[in-house]
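Working notes for the structure below.
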Amino acid sequence: MRQPEFFNPLSYVALSDSLSRAIMSSELYPMRTVQNEPFDGFGIYALFYNGNFPAYNRLAEQNREHPVPGRSISGCPHLGP
């Protein structure tokens, strides 16, 4: 008899799924509305590009469902303040 699989909330898959749902359900803000505000601390972010710059057309098409992810690290000299 096969043992049941137990849910591990700290597994990579569970954390990734939870993080993905949180990001995709968050309110979007145009960069121009926050460009002069400091980003204190560290964290993750997702960029959705929807401009019309020709070199980014393919990215804009994909960004409707798949943002560009990133992270920030506070106080890391080569990554900024």
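How things are named: the first chain in the structure tokens is A, the next is B, and so on; residues count from 1 in each chain; ligands count from 1 in the order shown.
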>> Set the distance at 12 Å and use only C-alpha atoms: which residues neighbour stretch 10-19 of chain A once local chain neighbours fewer than 6 positions away are removed? I'd like the list as a list in words.
In response: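 Contacts, in chain order: Ser25, Ser26, Gly43, Ile44, Tyr45, Ala46 and Pro69 of chain A.
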> Would you give me, as JSON, numbers by chain, the residues in chain A that DSSP reads as strand (DSSP E)?
Replying inline: {"A": [43, 44, 45, 46, 47, 68, 69, 70, 71, 72]}
> atom CA of A:Ala60 and atom CA of A:Pro30 are how many Å apart?
Replying inline: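 These atoms are spaced 14.3 Å apart.
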Taking the chain letters and numbering used in this document, name the residues of chain A that DSSP puts in helix (DSSP H, G or I), as a tab-separated table (two decimals) with all heavy atoms, in the first residue's frame.
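Produced file result.tsv, reproduced below:
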```tsv
chain	number	residue	atom	x	y	z
A	12	TYR	N	9.89	23.84	-1.48
A	12	TYR	CA	10.13	24.80	-2.56
A	12	TYR	C	8.87	25.00	-3.40
A	12	TYR	O	8.51	26.12	-3.74
A	12	TYR	CB	11.29	24.31	-3.43
A	12	TYR	CG	11.62	25.24	-4.57
A	12	TYR	CD1	12.37	26.38	-4.35
A	12	TYR	CD2	11.17	24.97	-5.86
A	12	TYR	CE1	12.67	27.25	-5.39
A	12	TYR	CE2	11.47	25.84	-6.89
A	12	TYR	CZ	12.22	26.97	-6.65
A	12	TYR	OH	12.51	27.81	-7.68
A	13	VAL	N	8.18	23.93	-3.72
A	13	VAL	CA	6.97	24.01	-4.54
A	13	VAL	C	5.88	24.79	-3.82
A	13	VAL	O	5.24	25.68	-4.41
A	13	VAL	CB	6.47	22.59	-4.91
A	13	VAL	CG1	5.12	22.64	-5.59
A	13	VAL	CG2	7.49	21.90	-5.82
A	14	ALA	N	5.65	24.51	-2.55
A	14	ALA	CA	4.61	25.21	-1.80
A	14	ALA	C	4.93	26.69	-1.64
A	14	ALA	O	4.06	27.55	-1.82
A	14	ALA	CB	4.42	24.57	-0.42
A	15	LEU	N	6.17	27.01	-1.33
A	15	LEU	CA	6.56	28.41	-1.19
A	15	LEU	C	6.47	29.15	-2.52
A	15	LEU	O	6.01	30.29	-2.58
A	15	LEU	CB	7.98	28.52	-0.62
A	15	LEU	CG	8.13	28.11	0.84
A	15	LEU	CD1	9.59	28.09	1.24
A	15	LEU	CD2	7.34	29.03	1.74
A	16	SER	N	6.90	28.51	-3.59
A	16	SER	CA	6.83	29.13	-4.92
A	16	SER	C	5.38	29.40	-5.31
A	16	SER	O	5.06	30.47	-5.84
A	16	SER	CB	7.48	28.22	-5.97
A	16	SER	OG	8.83	28.05	-5.70
A	17	ASP	N	4.52	28.44	-5.05
A	17	ASP	CA	3.11	28.59	-5.39
A	17	ASP	C	2.47	29.73	-4.59
A	17	ASP	O	1.75	30.57	-5.13
A	17	ASP	CB	2.37	27.28	-5.13
A	17	ASP	CG	0.93	27.33	-5.59
A	17	ASP	OD1	0.70	27.72	-6.75
A	17	ASP	OD2	0.04	26.99	-4.79
A	18	SER	N	2.77	29.78	-3.30
A	18	SER	CA	2.23	30.83	-2.44
A	18	SER	C	2.73	32.21	-2.87
A	18	SER	O	1.96	33.17	-2.95
A	18	SER	CB	2.65	30.54	-0.99
A	18	SER	OG	2.22	31.57	-0.14
A	19	LEU	N	3.99	32.30	-3.16
A	19	LEU	CA	4.58	33.56	-3.60
A	19	LEU	C	4.01	34.00	-4.94
A	19	LEU	O	3.66	35.17	-5.14
A	19	LEU	CB	6.10	33.41	-3.70
A	19	LEU	CG	6.89	34.63	-4.08
A	19	LEU	CD1	6.66	35.75	-3.09
A	19	LEU	CD2	8.37	34.28	-4.15
A	20	SER	N	3.85	33.08	-5.85
A	20	SER	CA	3.28	33.38	-7.16
A	20	SER	C	1.86	33.92	-7.03
A	20	SER	O	1.49	34.92	-7.66
A	20	SER	CB	3.30	32.13	-8.03
A	20	SER	OG	2.68	32.37	-9.25
A	21	ARG	N	1.04	33.26	-6.21
A	21	ARG	CA	-0.34	33.74	-6.00
A	21	ARG	C	-0.36	35.13	-5.39
A	21	ARG	O	-1.16	35.98	-5.78
A	21	ARG	CB	-1.11	32.76	-5.13
A	21	ARG	CG	-1.58	31.53	-5.87
A	21	ARG	CD	-2.65	30.77	-5.07
A	21	ARG	NE	-2.34	30.61	-3.67
A	21	ARG	CZ	-1.68	29.58	-3.14
A	21	ARG	NH1	-1.28	28.60	-3.94
A	21	ARG	NH2	-1.44	29.50	-1.85
A	22	ALA	N	0.52	35.39	-4.44
A	22	ALA	CA	0.56	36.70	-3.79
A	22	ALA	C	0.96	37.79	-4.78
A	22	ALA	O	0.34	38.86	-4.82
A	22	ALA	CB	1.53	36.68	-2.61
A	23	ILE	N	1.96	37.54	-5.59
A	23	ILE	CA	2.41	38.55	-6.57
A	23	ILE	C	1.35	38.79	-7.62
A	23	ILE	O	1.02	39.93	-7.95
A	23	ILE	CB	3.75	38.12	-7.22
A	23	ILE	CG1	4.88	38.28	-6.21
A	23	ILE	CG2	4.02	38.93	-8.47
A	23	ILE	CD1	6.22	37.79	-6.71
A	24	MET	N	0.78	37.72	-8.15
A	24	MET	CA	-0.19	37.86	-9.24
A	24	MET	C	-1.51	38.47	-8.78
A	24	MET	O	-2.28	38.98	-9.58
A	24	MET	CB	-0.41	36.53	-9.93
A	24	MET	CG	0.84	35.98	-10.59
A	24	MET	SD	1.61	37.10	-11.78
A	24	MET	CE	0.51	36.88	-13.17
A	31	MET	N	5.47	52.53	-12.79
A	31	MET	CA	6.73	52.97	-12.21
A	31	MET	C	6.79	54.48	-12.03
A	31	MET	O	7.40	54.97	-11.10
A	31	MET	CB	7.90	52.49	-13.07
A	31	MET	CG	8.15	51.00	-13.00
A	31	MET	SD	8.60	50.42	-11.36
A	31	MET	CE	10.24	51.08	-11.21
A	32	ARG	N	6.13	55.23	-12.91
A	32	ARG	CA	6.19	56.69	-12.80
A	32	ARG	C	5.54	57.18	-11.50
A	32	ARG	O	5.85	58.27	-11.04
A	32	ARG	CB	5.56	57.36	-14.01
A	32	ARG	CG	4.06	57.18	-14.11
A	32	ARG	CD	3.49	57.89	-15.34
A	32	ARG	NE	2.13	57.47	-15.55
A	32	ARG	CZ	1.76	56.40	-16.24
A	32	ARG	NH1	2.67	55.64	-16.80
A	32	ARG	NH2	0.49	56.08	-16.37
A	33	THR	N	4.67	56.38	-10.90
A	33	THR	CA	4.02	56.81	-9.65
A	33	THR	C	4.89	56.56	-8.43
A	33	THR	O	4.62	57.10	-7.36
A	33	THR	CB	2.66	56.11	-9.44
A	33	THR	OG1	2.89	54.70	-9.28
A	33	THR	CG2	1.72	56.36	-10.60
A	54	PRO	N	9.88	49.18	-29.56
A	54	PRO	CA	9.97	48.03	-30.48
A	54	PRO	C	10.87	46.88	-29.98
A	54	PRO	O	10.52	45.72	-30.16
A	54	PRO	CB	10.51	48.63	-31.76
A	54	PRO	CG	10.10	50.07	-31.72
A	54	PRO	CD	10.15	50.44	-30.26
A	55	ALA	N	11.97	47.21	-29.35
A	55	ALA	CA	12.89	46.15	-28.89
A	55	ALA	C	12.26	45.29	-27.80
A	55	ALA	O	12.70	44.17	-27.56
A	55	ALA	CB	14.19	46.77	-28.40
A	56	TYR	N	11.24	45.80	-27.12
A	56	TYR	CA	10.60	45.08	-26.02
A	56	TYR	C	9.23	44.52	-26.39
A	56	TYR	O	8.49	44.08	-25.51
A	56	TYR	CB	10.45	45.99	-24.79
A	56	TYR	CG	11.76	46.43	-24.18
A	56	TYR	CD1	11.88	47.68	-23.60
A	56	TYR	CD2	12.87	45.60	-24.16
A	56	TYR	CE1	13.06	48.11	-23.03
A	56	TYR	CE2	14.06	46.01	-23.60
A	56	TYR	CZ	14.16	47.26	-23.03
A	56	TYR	OH	15.32	47.66	-22.45
A	57	ASN	N	8.86	44.50	-27.65
A	57	ASN	CA	7.55	44.00	-28.06
A	57	ASN	C	7.30	42.57	-27.59
A	57	ASN	O	6.24	42.26	-27.06
A	57	ASN	CB	7.38	44.06	-29.58
A	57	ASN	CG	7.06	45.45	-30.05
A	57	ASN	OD1	6.70	46.33	-29.27
A	57	ASN	ND2	7.21	45.68	-31.34
A	58	ARG	N	8.27	41.71	-27.76
A	58	ARG	CA	8.11	40.31	-27.37
A	58	ARG	C	7.94	40.20	-25.85
A	58	ARG	O	7.11	39.44	-25.36
A	58	ARG	CB	9.30	39.50	-27.84
A	58	ARG	CG	9.14	38.03	-27.64
A	58	ARG	CD	10.21	37.28	-28.38
A	58	ARG	NE	10.28	35.93	-27.91
A	58	ARG	CZ	11.32	35.14	-28.04
A	58	ARG	NH1	12.39	35.58	-28.65
A	58	ARG	NH2	11.32	33.93	-27.59
A	59	LEU	N	8.73	40.98	-25.10
A	59	LEU	CA	8.62	40.99	-23.65
A	59	LEU	C	7.25	41.47	-23.22
A	59	LEU	O	6.63	40.89	-22.33
A	59	LEU	CB	9.71	41.87	-23.04
A	59	LEU	CG	9.71	42.02	-21.53
A	59	LEU	CD1	9.97	40.68	-20.86
A	59	LEU	CD2	10.74	43.05	-21.11
A	60	ALA	N	6.74	42.52	-23.86
A	60	ALA	CA	5.42	43.06	-23.51
A	60	ALA	C	4.33	42.02	-23.74
A	60	ALA	O	3.40	41.90	-22.93
A	60	ALA	CB	5.14	44.32	-24.32
A	61	GLU	N	4.43	41.24	-24.80
A	61	GLU	CA	3.44	40.20	-25.08
A	61	GLU	C	3.47	39.12	-23.99
A	61	GLU	O	2.42	38.67	-23.52
A	61	GLU	CB	3.71	39.57	-26.44
A	61	GLU	CG	3.40	40.48	-27.61
A	61	GLU	CD	3.84	39.87	-28.94
A	61	GLU	OE1	4.21	38.68	-28.98
A	61	GLU	OE2	3.81	40.61	-29.94
A	62	GLN	N	4.66	38.72	-23.57
A	62	GLN	CA	4.80	37.67	-22.55
A	62	GLN	C	4.41	38.19	-21.17
A	62	GLN	O	3.94	37.42	-20.33
A	62	GLN	CB	6.23	37.16	-22.52
A	62	GLN	CG	6.63	36.42	-23.77
A	62	GLN	CD	8.10	36.05	-23.77
A	62	GLN	OE1	8.89	36.53	-22.96
A	62	GLN	NE2	8.49	35.19	-24.70
```
> Mind pulling up the distance from atom CA of A:Asn8 to atom CA of A:Leu47?
Replying inline: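 Atom CA of A:Asn8 lies at a distance of 29.0 Å from atom CA of A:Leu47.
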> What is the distance between atom CA of A:Leu28 and atom CA of A:Pro9, in Å to one decimal?
Replying inline: 26.8 Å
